[in-house]
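Listing of run.txt; format and content: compact mmCIF, C-alpha atoms.
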# COMPACT_ATOMS: atom_id res chain seq x y z
CA MET A 1 42.06 4.14 -43.92
CA SER A 2 44.39 3.83 -41.00
CA ILE A 3 43.19 0.29 -40.45
CA PHE A 4 44.17 -0.74 -43.93
CA SER A 5 47.46 1.13 -43.82
CA LYS A 6 48.66 -1.38 -41.21
CA ASN A 7 47.94 -4.41 -43.34
CA SER A 8 48.76 -3.12 -46.78
CA PRO A 9 51.64 -0.94 -48.00
CA PRO A 10 50.33 2.59 -48.52
CA ASP A 11 51.94 3.00 -51.94
CA ASN A 12 50.20 -0.02 -53.48
CA ARG A 13 46.76 1.13 -54.53
CA ASP A 14 45.66 -2.04 -56.22
CA ASP A 15 46.35 -4.08 -53.13
CA LYS A 16 44.37 -1.69 -50.97
CA ILE A 17 41.37 -1.81 -53.23
CA ALA A 18 41.62 -5.56 -53.37
CA ASN A 19 41.75 -5.67 -49.58
CA GLU A 20 38.76 -3.41 -49.27
CA GLN A 21 36.81 -5.46 -51.70
CA VAL A 22 37.71 -8.64 -49.97
CA ASP A 23 36.73 -7.11 -46.67
CA ASP A 24 33.46 -5.89 -48.09
CA TYR A 25 32.63 -9.33 -49.29
CA SER A 26 33.90 -11.34 -46.41
CA GLU A 27 32.66 -9.21 -43.54
CA PRO A 28 28.92 -9.00 -44.11
CA ALA A 29 28.60 -12.65 -44.95
CA PRO A 30 29.41 -14.11 -41.50
CA VAL A 31 27.41 -11.38 -39.76
CA SER A 32 24.28 -12.19 -41.70
CA ALA A 33 24.77 -15.86 -41.04
CA GLU A 34 25.09 -15.16 -37.34
CA GLU A 35 22.05 -12.96 -37.41
CA GLN A 36 20.05 -15.67 -39.05
CA ALA A 37 21.24 -18.18 -36.52
CA ALA A 38 20.48 -15.78 -33.68
CA ALA A 39 17.04 -15.10 -35.03
CA TYR A 40 16.35 -18.75 -35.53
CA GLU A 41 17.71 -20.17 -32.29
CA PRO A 42 15.53 -18.36 -29.72
CA ALA A 43 12.42 -19.40 -31.58
CA VAL A 44 13.50 -23.01 -31.34
CA ARG A 45 14.45 -22.60 -27.69
CA ASN A 46 11.11 -21.00 -26.81
CA GLU A 47 9.22 -23.82 -28.37
CA GLN A 48 11.25 -26.39 -26.52
CA ALA A 49 11.20 -24.51 -23.21
CA SER A 50 7.45 -24.07 -23.19
CA ARG A 51 6.87 -27.81 -23.15
CA PRO A 52 8.81 -29.27 -20.24
CA GLY A 53 9.01 -26.08 -18.14
CA ILE A 54 6.07 -23.96 -17.06
CA ALA A 55 3.19 -25.12 -19.12
CA LYS A 56 1.56 -22.78 -21.56
CA PRO A 57 -1.48 -21.24 -19.92
CA SER A 58 -4.96 -22.03 -21.07
CA ILE A 59 -6.69 -18.78 -21.78
CA ILE A 60 -10.31 -17.76 -21.62
CA SER A 61 -10.12 -14.53 -23.58
CA GLU A 62 -11.97 -11.33 -22.92
CA GLY A 63 -15.49 -11.47 -24.30
CA PHE A 64 -15.55 -15.24 -24.10
CA THR A 65 -18.09 -16.87 -21.81
CA PHE A 66 -17.67 -20.43 -20.71
CA GLU A 67 -20.24 -22.47 -18.85
CA GLY A 68 -19.33 -25.81 -17.39
CA THR A 69 -16.41 -27.53 -15.79
CA ILE A 70 -12.77 -26.77 -16.46
CA THR A 71 -10.05 -29.13 -15.29
CA SER A 72 -6.39 -28.42 -15.87
CA ASP A 73 -3.07 -29.52 -14.45
CA GLY A 74 -1.49 -26.30 -15.54
CA VAL A 75 -2.08 -22.60 -15.62
CA LEU A 76 -5.40 -21.06 -16.46
CA ASN A 77 -5.82 -17.40 -17.36
CA ILE A 78 -9.31 -16.05 -17.28
CA ALA A 79 -9.98 -12.72 -18.95
CA GLY A 80 -13.51 -13.65 -19.97
CA THR A 81 -16.36 -15.11 -17.98
CA VAL A 82 -16.62 -18.57 -16.50
CA ARG A 83 -19.72 -19.98 -14.89
CA GLY A 84 -19.24 -23.35 -13.33
CA LYS A 85 -16.54 -25.36 -11.70
CA ILE A 86 -12.82 -24.81 -12.18
CA THR A 87 -10.04 -27.08 -11.03
CA ALA A 88 -6.50 -26.11 -11.96
CA LYS A 89 -3.04 -25.89 -10.51
CA SER A 90 -2.78 -22.18 -11.00
CA VAL A 91 -5.54 -19.75 -11.85
CA LEU A 92 -5.27 -16.10 -12.77
CA ILE A 93 -8.42 -14.05 -13.05
CA GLU A 94 -7.52 -10.96 -15.06
CA ALA A 95 -9.04 -7.54 -14.43
CA SER A 96 -11.66 -8.20 -17.11
CA GLY A 97 -12.19 -11.75 -15.87
CA ARG A 98 -15.22 -13.00 -14.00
CA VAL A 99 -15.87 -16.29 -12.32
CA ASP A 100 -19.16 -17.49 -10.85
CA GLY A 101 -19.04 -20.85 -9.22
CA GLU A 102 -16.65 -23.20 -7.57
CA LEU A 103 -12.90 -22.81 -7.87
CA ASN A 104 -10.18 -25.18 -6.68
CA SER A 105 -6.55 -24.38 -7.24
CA ASP A 106 -3.14 -24.32 -5.59
CA GLN A 107 -2.33 -20.81 -6.64
CA LEU A 108 -4.98 -18.23 -7.23
CA VAL A 109 -4.51 -14.64 -8.28
CA ILE A 110 -7.62 -12.51 -8.52
CA LYS A 111 -7.53 -9.19 -10.32
CA GLY A 112 -11.11 -9.35 -11.55
CA GLN A 113 -14.34 -10.58 -10.05
CA LEU A 114 -15.10 -13.78 -8.27
CA ASN A 115 -18.32 -15.09 -6.81
CA GLY A 116 -18.57 -18.44 -5.21
CA GLU A 117 -16.80 -21.10 -3.31
CA VAL A 118 -13.01 -21.05 -3.38
CA ASN A 119 -10.55 -23.62 -2.19
CA CYS A 120 -6.92 -22.69 -2.63
CA GLU A 121 -3.48 -22.76 -1.03
CA ASP A 122 -2.05 -19.44 -2.04
CA LEU A 123 -4.48 -16.60 -2.57
CA ASN A 124 -3.54 -13.18 -3.90
CA VAL A 125 -6.23 -10.56 -4.31
CA GLY A 126 -5.36 -7.54 -6.42
CA PRO A 127 -6.33 -3.94 -5.64
CA LEU A 128 -9.19 -3.79 -8.12
CA ALA A 129 -10.60 -7.21 -7.40
CA HIS A 130 -14.08 -8.01 -6.14
CA VAL A 131 -14.37 -11.26 -4.28
CA ASP A 132 -17.48 -12.61 -2.67
CA GLY A 133 -18.07 -16.02 -1.26
CA SER A 134 -16.72 -18.71 0.92
CA ILE A 135 -12.96 -18.87 0.74
CA SER A 136 -10.72 -21.48 2.22
CA TYR A 137 -6.99 -20.83 1.96
CA LYS A 138 -3.58 -21.50 3.42
CA TYR A 139 -1.79 -18.25 2.63
CA ILE A 140 -3.53 -15.03 1.87
CA HIS A 141 -2.47 -11.68 0.56
CA ILE A 142 -4.97 -8.94 -0.09
CA GLN A 143 -3.61 -5.82 -1.68
CA ARG A 144 -4.98 -2.49 -0.53
CA GLY A 145 -8.24 -1.66 -2.23
CA GLY A 146 -9.28 -5.21 -2.94
CA LYS A 147 -12.94 -5.72 -2.09
CA VAL A 148 -13.58 -8.96 -0.33
CA SER A 149 -16.56 -10.25 1.53
CA GLY A 150 -17.83 -13.56 2.73
CA LYS A 151 -16.51 -16.34 4.84
CA PHE A 152 -12.76 -16.81 5.17
CA ILE A 153 -11.36 -20.02 6.51
CA LYS A 154 -7.68 -20.63 7.05
CA ASN A 155 -6.54 -24.21 6.70
CA MET B 1 4.21 6.12 18.43
CA ALA B 2 2.93 9.61 19.07
CA GLU B 3 5.66 10.51 21.56
CA ALA B 4 5.14 14.20 20.88
CA ASN B 5 1.50 14.32 21.83
CA GLN B 6 0.09 11.57 23.94
CA GLN B 7 -3.13 13.34 24.69
CA GLY B 8 -6.08 11.05 24.22
CA CYS B 9 -3.90 8.01 23.70
CA LEU B 10 -3.84 4.63 25.36
CA PHE B 11 -0.74 2.50 25.57
CA VAL B 12 -0.94 -1.00 26.93
CA GLY B 13 2.47 -2.49 27.52
CA GLU B 14 3.48 -6.09 27.10
CA GLY B 15 2.30 -8.23 29.98
CA VAL B 16 -0.47 -5.84 30.98
CA VAL B 17 -3.98 -7.24 31.07
CA LEU B 18 -6.90 -4.82 30.91
CA LYS B 19 -10.49 -5.79 31.40
CA GLY B 20 -13.37 -3.53 30.55
CA ASN B 21 -14.58 -1.18 27.87
CA PHE B 22 -12.29 1.54 26.59
CA GLN B 23 -13.03 4.71 24.67
CA VAL B 24 -9.88 6.24 23.27
CA PRO B 25 -10.17 9.57 21.41
CA ASP B 26 -6.92 9.17 19.55
CA ILE B 27 -4.40 6.32 19.31
CA ALA B 28 -4.61 3.02 21.14
CA SER B 29 -1.44 0.99 21.00
CA ILE B 30 -1.78 -2.47 22.44
CA SER B 31 1.13 -4.73 23.27
CA GLY B 32 -0.63 -6.42 26.16
CA VAL B 33 -3.98 -8.07 26.49
CA ILE B 34 -7.38 -6.41 26.41
CA GLU B 35 -10.50 -8.22 27.42
CA GLY B 36 -13.47 -6.15 26.43
CA GLU B 37 -14.48 -3.48 24.01
CA LEU B 38 -12.03 -1.04 22.55
CA THR B 39 -12.97 1.98 20.49
CA ALA B 40 -10.35 4.39 19.22
CA LYS B 41 -9.61 6.61 16.26
CA GLN B 42 -6.51 4.65 15.46
CA ILE B 43 -5.75 1.21 16.82
CA LEU B 44 -2.41 -0.54 16.68
CA ILE B 45 -2.25 -4.08 17.91
CA GLU B 46 1.43 -4.84 18.23
CA ALA B 47 2.86 -8.31 17.68
CA THR B 48 2.42 -9.26 21.34
CA GLY B 49 -0.99 -7.60 21.63
CA VAL B 50 -4.18 -9.56 21.98
CA VAL B 51 -7.74 -8.30 22.06
CA HIS B 52 -10.65 -10.45 23.12
CA GLY B 53 -13.75 -8.51 22.33
CA LYS B 54 -15.01 -5.82 20.04
CA LEU B 55 -12.57 -3.59 18.28
CA SER B 56 -13.75 -0.50 16.42
CA GLY B 57 -11.92 2.43 14.92
CA GLU B 58 -11.09 4.43 11.84
CA SER B 59 -7.70 2.95 11.09
CA ILE B 60 -6.74 -0.39 12.50
CA ASP B 61 -3.36 -2.01 12.15
CA ILE B 62 -3.04 -5.55 13.45
CA ARG B 63 0.29 -7.27 14.05
CA GLY B 64 -1.03 -9.27 16.96
CA GLU B 65 -4.30 -10.96 17.56
CA ALA B 66 -7.87 -9.76 17.37
CA ASN B 67 -10.72 -12.06 18.23
CA GLU B 68 -14.46 -11.74 17.88
CA TYR B 69 -15.16 -8.51 16.06
CA VAL B 70 -13.26 -5.84 14.13
CA SER B 71 -14.81 -2.79 12.55
CA SER B 72 -12.80 -0.21 10.67
CA THR B 73 -14.35 2.78 8.94
CA ARG B 74 -11.24 3.79 7.06
CA SER B 75 -8.47 1.28 6.68
CA LEU B 76 -7.77 -2.12 8.10
CA ILE B 77 -4.33 -3.64 7.75
CA ILE B 78 -3.53 -7.14 8.86
CA ARG B 79 0.23 -7.57 8.94
CA SER B 80 2.06 -10.79 8.27
CA THR B 81 2.11 -11.67 11.98
CA GLY B 82 -1.50 -10.61 12.47
CA LYS B 83 -4.29 -12.97 13.32
CA VAL B 84 -7.91 -11.97 13.07
CA THR B 85 -10.89 -14.14 13.77
CA GLY B 86 -14.56 -13.41 13.90
CA SER B 87 -16.64 -10.85 12.13
CA ILE B 88 -14.80 -8.13 10.22
CA HIS B 89 -16.28 -4.94 8.82
CA TYR B 90 -14.09 -2.68 6.74
CA SER B 91 -14.10 -0.06 4.04
CA GLU B 92 -10.57 -0.65 2.86
CA ILE B 93 -8.57 -3.74 3.63
CA GLU B 94 -5.04 -4.94 3.15
CA ILE B 95 -3.67 -8.26 4.26
CA GLU B 96 0.02 -8.90 4.09
CA LYS B 97 1.17 -12.31 3.04
CA GLY B 98 1.18 -14.60 6.04
CA GLY B 99 -1.65 -12.76 7.76
CA HIS B 100 -4.25 -14.95 9.33
CA LEU B 101 -7.90 -14.33 8.64
CA HIS B 102 -10.67 -16.56 9.80
CA GLY B 103 -14.24 -15.40 9.79
CA ASP B 104 -16.78 -13.32 7.96
CA LEU B 105 -15.71 -10.31 5.98
CA HIS B 106 -18.06 -7.47 5.21
CA ASN B 107 -17.41 -4.43 3.11
CA ILE B 108 -19.08 -1.38 4.65
CA ASN B 109 -19.48 0.42 1.33
CA PRO B 110 -19.68 -2.28 -1.30
CA HIS B 111 -21.01 0.06 -4.01
CA SER B 112 -17.53 1.09 -5.15
Written form, structure tokens:
Amino acid sequence: MSIFSKNSPPDNRDDKIANEQVDDYSEPAPVSAEEQAAAYEPAVRNEQASRPGIAKPSIISEGFTFEGTITSDGVLNIAGTVRGKITAKSVLIEASGRVDGELNSDQLVIKGQLNGEVNCEDLNVGPLAHVDGSISYKYIHIQRGGKVSGKFIKN
Amino acid sequence: MAEANQQGCLFVGEGVVLKGNFQVPDIASISGVIEGELTAKQILIEATGVVHGKLSGESIDIRGEANEYVSSTRSLIIRSTGKVTGSIHYSEIEIEKGGHLHGDLHNINPHS
């Protein structure tokens, strides 16, 4: 009430009601338009950002088993099982993930299980990971609890 | 560095070179050079420390250099300045980013 009393004379009831009605109509309209725009814009931005920026990861889902060769210039997330050869820029083996075979990548994060020959620049082994094989790396980080065995070669 | 109780401890200062086999009941802190076997409950190889030979203990913390053989029955930590080559046996391992590891790794209790 005090808000309206500033704009409209207090003795004129018709004006006040008219003001209120106008306010009721005019106020929600721009808000909803903004909301729509706000809801719409991020979706557009996300779509655009995912293309030139960090590439969308390729995902081997949990329960999925792949046998063969995977080659990717981008990011590969493995939550399932892969048997074979993997070449990718960045590989993440999730806790449920399993890889048997050869793996070449710049960045490698292992939270699951890995058996085989690994060639990578940056290796990060998580606390629940099991890694066995011949591993050649440039930078290594093994978090406490990670189980690793095999041959380690620093390049 | 166990200033309160130094009983059963071995401290090798920077620049000191020791040759032989050493049995240390408690802590061995190495800033110098050891040529030979070293067995201790807890081993700390400081950044300037170097060990040529066998290294065995419960907890081993390496900021310096360990060559040949490392065996840890409890925890093995290789710090970012650490450099380990040779055969490594551990039950729990942690390697900080930048740590250098070159050799064969064996888990003492791989069942878990």
Mind running chain A against chain B at 9 Å and telling me each contacting residue's nearest atom pair with the distance in Å (one decimal), counting all atoms listed in the file, chain and number ascending, as JSON lines?
{"residue": "A:Asn124", "atom": "CA", "partner": "B:Lys97", "partner_atom": "CA", "distance": 8.4}
{"residue": "A:Pro127", "atom": "CA", "partner": "B:Glu94", "partner_atom": "CA", "distance": 8.9}
{"residue": "A:Ser134", "atom": "CA", "partner": "B:Asp104", "partner_atom": "CA", "distance": 8.9}
{"residue": "A:Lys138", "atom": "CA", "partner": "B:Gly98", "partner_atom": "CA", "distance": 8.8}
{"residue": "A:Tyr139", "atom": "CA", "partner": "B:Gly98", "partner_atom": "CA", "distance": 5.8}
{"residue": "A:Ile140", "atom": "CA", "partner": "B:Lys97", "partner_atom": "CA", "distance": 5.6}
{"residue": "A:His141", "atom": "CA", "partner": "B:Lys97", "partner_atom": "CA", "distance": 4.4}
{"residue": "A:Ile142", "atom": "CA", "partner": "B:Ile95", "partner_atom": "CA", "distance": 4.6}
{"residue": "A:Gln143", "atom": "CA", "partner": "B:Glu94", "partner_atom": "CA", "distance": 5.1}
{"residue": "A:Arg144", "atom": "CA", "partner": "B:Glu94", "partner_atom": "CA", "distance": 4.4}
{"residue": "A:Gly145", "atom": "CA", "partner": "B:Glu92", "partner_atom": "CA", "distance": 5.7}
{"residue": "A:Gly146", "atom": "CA", "partner": "B:Ile93", "partner_atom": "CA", "distance": 6.8}
{"residue": "A:Lys147", "atom": "CA", "partner": "B:Asn107", "partner_atom": "CA", "distance": 7.0}
{"residue": "A:Val148", "atom": "CA", "partner": "B:Leu105", "partner_atom": "CA", "distance": 6.8}
{"residue": "A:Ser149", "atom": "CA", "partner": "B:Leu105", "partner_atom": "CA", "distance": 4.5}
{"residue": "A:Gly150", "atom": "CA", "partner": "B:Leu105", "partner_atom": "CA", "distance": 5.1}
{"residue": "A:Lys151", "atom": "CA", "partner": "B:Asp104", "partner_atom": "CA", "distance": 4.4}
{"residue": "A:Phe152", "atom": "CA", "partner": "B:Gly103", "partner_atom": "CA", "distance": 5.1}
{"residue": "A:Ile153", "atom": "CA", "partner": "B:His102", "partner_atom": "CA", "distance": 4.8}
{"residue": "A:Lys154", "atom": "CA", "partner": "B:His102", "partner_atom": "CA", "distance": 5.8}
**Message:** Taking (-17.2, -21.1, -16.1) in the coordinates of the supplied file, I want to know which residues reach to within 10 Å of it, counting all atoms listed in the file; could you give the answer as a VMD selection string?
**Reply:** chain A and resid 60 65 to 70 78 80 to 86 98 to 103
**Message:** Env of Phe11 (chain B): 6 Å cut, atoms = only C-alpha atoms, seq-sep filter 5 positions within chain, self excluded. Answer as a PyMOL selection string.
**Reply:** chain B and resi 28-30
**Request:** Tell me, as a PyMOL selection string, which residues lie within 10 Å of Ile34 (chain B), counting only C-alpha atoms; anything in the same chain fewer than 5 positions away does not count.
**Result:** chain B and resi 12+16-22+49-54+66
**Asked** Which residue gives the smallest distance to Asp26 (chain B) among B:Thr39, B:Gly8, B:Ser59, B:Glu14, with only C-alpha atoms counted?
**Response**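 That would be B:Gly8, the residue with the smallest distance to Asp26 (chain B).
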Provide an axis-aligned box for all listed atoms of region 41-60 of chain B, padding each side by 3 Å; report its centre and its edge lengths in Å to one decimal, as AutoDock Vina command-line options.
--center_x -6.1 --center_y -1.9 --center_z 17.1 --size_x 23.9 --size_y 23.1 --size_z 18.0
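Every protein, DNA or RNA residue with an atom at most 10 Å from Ser96 (chain A), where all atoms listed in the file count and chain neighbours fewer than 6 positions away do not, is listed here: Ser61, Glu62, Gly63, Ile78, Ala79, Gly80, Thr81, Lys111, Gly112, Gln113 and Ala129 of chain A.
Counting only C-alpha atoms, Gly133 (chain A) has the following residues at most 8 Å away, ignoring those fewer than 2 positions along the same chain: Leu114, Asn115, Gly116, Glu117, Val118, Val131, Ile135, Ser149, Gly150 and Lys151 of chain A.
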**Request:** Identify, on the basis of all atoms listed in the file, every residue whose closest approach to Ser72 (chain A) does not exceed 7 Å; exclude the query and any residue fewer than 4 positions from it along the same chain; express the result as a list in words.
**Result:**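 Final neighbour list, sorted by chain and number: Thr87, Ala88 and Lys89 of chain A.
When CA of Gly32 (chain B) is paired with CA of Asn155 (chain A), their separation reads 27.0 Å.
CA of Val125 (chain A) is found 4.8 Å from CA of Ile110 (chain A).
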**Prompt:** Can you tell me how far CA of Gln6 (chain B) sits from CA of Ser56 (chain B), in Å to one decimal?
**Reply:**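 So the two atoms, CA of Gln6 (chain B) and CA of Ser56 (chain B), lie 19.8 Å apart.
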Fix up region 110-140 of chain A with N, CA and C atoms, then write it as a PDB file, in the frame of the given file.
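Final output, saved to part-v5.pdb:
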ATOM      1  N   ILE A 110      -6.362 -13.119  -8.084  1.00  0.00           N
ATOM      2  CA  ILE A 110      -7.620 -12.510  -8.520  1.00  0.00           C
ATOM      3  C   ILE A 110      -7.400 -11.024  -8.758  1.00  0.00           C
ATOM      4  N   LYS A 111      -7.575 -10.617  -9.999  1.00  0.00           N
ATOM      5  CA  LYS A 111      -7.530  -9.190 -10.320  1.00  0.00           C
ATOM      6  C   LYS A 111      -8.906  -8.727 -10.760  1.00  0.00           C
ATOM      7  N   GLY A 112      -9.772  -9.677 -11.057  1.00  0.00           N
ATOM      8  CA  GLY A 112     -11.110  -9.350 -11.550  1.00  0.00           C
ATOM      9  C   GLY A 112     -12.163  -9.653 -10.505  1.00  0.00           C
ATOM     10  N   GLN A 113     -13.220 -10.320 -10.947  1.00  0.00           N
ATOM     11  CA  GLN A 113     -14.340 -10.580 -10.050  1.00  0.00           C
ATOM     12  C   GLN A 113     -14.529 -12.073  -9.829  1.00  0.00           C
ATOM     13  N   LEU A 114     -14.887 -12.377  -8.610  1.00  0.00           N
ATOM     14  CA  LEU A 114     -15.100 -13.780  -8.270  1.00  0.00           C
ATOM     15  C   LEU A 114     -16.273 -13.901  -7.319  1.00  0.00           C
ATOM     16  N   ASN A 115     -17.181 -14.805  -7.667  1.00  0.00           N
ATOM     17  CA  ASN A 115     -18.320 -15.090  -6.810  1.00  0.00           C
ATOM     18  C   ASN A 115     -18.394 -16.577  -6.628  1.00  0.00           C
ATOM     19  N   GLY A 116     -18.392 -17.012  -5.400  1.00  0.00           N
ATOM     20  CA  GLY A 116     -18.570 -18.440  -5.210  1.00  0.00           C
ATOM     21  C   GLY A 116     -17.665 -19.038  -4.173  1.00  0.00           C
ATOM     22  N   GLU A 117     -17.540 -20.335  -4.308  1.00  0.00           N
ATOM     23  CA  GLU A 117     -16.800 -21.100  -3.310  1.00  0.00           C
ATOM     24  C   GLU A 117     -15.371 -21.316  -3.802  1.00  0.00           C
ATOM     25  N   VAL A 118     -14.407 -20.962  -2.968  1.00  0.00           N
ATOM     26  CA  VAL A 118     -13.010 -21.050  -3.380  1.00  0.00           C
ATOM     27  C   VAL A 118     -12.234 -21.928  -2.412  1.00  0.00           C
ATOM     28  N   ASN A 119     -11.412 -22.767  -2.969  1.00  0.00           N
ATOM     29  CA  ASN A 119     -10.550 -23.620  -2.190  1.00  0.00           C
ATOM     30  C   ASN A 119      -9.163 -23.506  -2.759  1.00  0.00           C
ATOM     31  N   CYS A 120      -8.248 -22.860  -2.043  1.00  0.00           N
ATOM     32  CA  CYS A 120      -6.920 -22.690  -2.630  1.00  0.00           C
ATOM     33  C   CYS A 120      -5.852 -22.681  -1.541  1.00  0.00           C
ATOM     34  N   GLU A 121      -4.609 -22.799  -1.967  1.00  0.00           N
ATOM     35  CA  GLU A 121      -3.480 -22.760  -1.030  1.00  0.00           C
ATOM     36  C   GLU A 121      -2.989 -21.332  -0.888  1.00  0.00           C
ATOM     37  N   ASP A 122      -2.686 -20.759  -2.023  1.00  0.00           N
ATOM     38  CA  ASP A 122      -2.050 -19.440  -2.040  1.00  0.00           C
ATOM     39  C   ASP A 122      -2.998 -18.481  -2.743  1.00  0.00           C
ATOM     40  N   LEU A 123      -3.502 -17.525  -1.991  1.00  0.00           N
ATOM     41  CA  LEU A 123      -4.480 -16.600  -2.570  1.00  0.00           C
ATOM     42  C   LEU A 123      -3.896 -15.193  -2.602  1.00  0.00           C
ATOM     43  N   ASN A 124      -3.992 -14.562  -3.751  1.00  0.00           N
ATOM     44  CA  ASN A 124      -3.540 -13.180  -3.900  1.00  0.00           C
ATOM     45  C   ASN A 124      -4.663 -12.388  -4.529  1.00  0.00           C
ATOM     46  N   VAL A 125      -5.129 -11.372  -3.815  1.00  0.00           N
ATOM     47  CA  VAL A 125      -6.230 -10.560  -4.310  1.00  0.00           C
ATOM     48  C   VAL A 125      -5.687  -9.182  -4.691  1.00  0.00           C
ATOM     49  N   GLY A 126      -5.864  -8.810  -5.911  1.00  0.00           N
ATOM     50  CA  GLY A 126      -5.360  -7.540  -6.420  1.00  0.00           C
ATOM     51  C   GLY A 126      -6.181  -6.354  -5.953  1.00  0.00           C
ATOM     52  N   PRO A 127      -5.677  -5.141  -6.175  1.00  0.00           N
ATOM     53  CA  PRO A 127      -6.330  -3.940  -5.640  1.00  0.00           C
ATOM     54  C   PRO A 127      -7.670  -3.610  -6.285  1.00  0.00           C
ATOM     55  N   LEU A 128      -7.925  -4.125  -7.460  1.00  0.00           N
ATOM     56  CA  LEU A 128      -9.190  -3.790  -8.120  1.00  0.00           C
ATOM     57  C   LEU A 128     -10.165  -4.969  -8.105  1.00  0.00           C
ATOM     58  N   ALA A 129      -9.803  -5.985  -7.376  1.00  0.00           N
ATOM     59  CA  ALA A 129     -10.600  -7.210  -7.400  1.00  0.00           C
ATOM     60  C   ALA A 129     -11.862  -7.094  -6.543  1.00  0.00           C
ATOM     61  N   HIS A 130     -12.861  -7.847  -6.932  1.00  0.00           N
ATOM     62  CA  HIS A 130     -14.080  -8.010  -6.140  1.00  0.00           C
ATOM     63  C   HIS A 130     -14.253  -9.492  -5.867  1.00  0.00           C
ATOM     64  N   VAL A 131     -14.238  -9.845  -4.623  1.00  0.00           N
ATOM     65  CA  VAL A 131     -14.370 -11.260  -4.280  1.00  0.00           C
ATOM     66  C   VAL A 131     -15.493 -11.425  -3.275  1.00  0.00           C
ATOM     67  N   ASP A 132     -16.358 -12.361  -3.563  1.00  0.00           N
ATOM     68  CA  ASP A 132     -17.480 -12.610  -2.670  1.00  0.00           C
ATOM     69  C   ASP A 132     -17.713 -14.104  -2.595  1.00  0.00           C
ATOM     70  N   GLY A 133     -17.782 -14.606  -1.389  1.00  0.00           N
ATOM     71  CA  GLY A 133     -18.070 -16.020  -1.260  1.00  0.00           C
ATOM     72  C   GLY A 133     -17.383 -16.658  -0.089  1.00  0.00           C
ATOM     73  N   SER A 134     -17.327 -17.945  -0.151  1.00  0.00           N
ATOM     74  CA  SER A 134     -16.720 -18.710   0.920  1.00  0.00           C
ATOM     75  C   SER A 134     -15.326 -19.129   0.475  1.00  0.00           C
ATOM     76  N   ILE A 135     -14.324 -18.666   1.190  1.00  0.00           N
ATOM     77  CA  ILE A 135     -12.960 -18.870   0.740  1.00  0.00           C
ATOM     78  C   ILE A 135     -12.134 -19.619   1.770  1.00  0.00           C
ATOM     79  N   SER A 136     -11.586 -20.711   1.341  1.00  0.00           N
ATOM     80  CA  SER A 136     -10.720 -21.480   2.220  1.00  0.00           C
ATOM     81  C   SER A 136      -9.317 -21.444   1.644  1.00  0.00           C
ATOM     82  N   TYR A 137      -8.332 -21.104   2.474  1.00  0.00           N
ATOM     83  CA  TYR A 137      -6.990 -20.830   1.960  1.00  0.00           C
ATOM     84  C   TYR A 137      -5.934 -21.253   2.978  1.00  0.00           C
ATOM     85  N   LYS A 138      -4.703 -21.257   2.519  1.00  0.00           N
ATOM     86  CA  LYS A 138      -3.580 -21.500   3.420  1.00  0.00           C
ATOM     87  C   LYS A 138      -2.799 -20.208   3.645  1.00  0.00           C
ATOM     88  N   TYR A 139      -2.515 -19.529   2.545  1.00  0.00           N
ATOM     89  CA  TYR A 139      -1.790 -18.250   2.630  1.00  0.00           C
ATOM     90  C   TYR A 139      -2.601 -17.205   1.885  1.00  0.00           C
ATOM     91  N   ILE A 140      -2.712 -16.066   2.499  1.00  0.00           N
ATOM     92  CA  ILE A 140      -3.530 -15.030   1.870  1.00  0.00           C
ATOM     93  C   ILE A 140      -2.767 -13.730   1.778  1.00  0.00           C
TER      94      ILE A 140
END
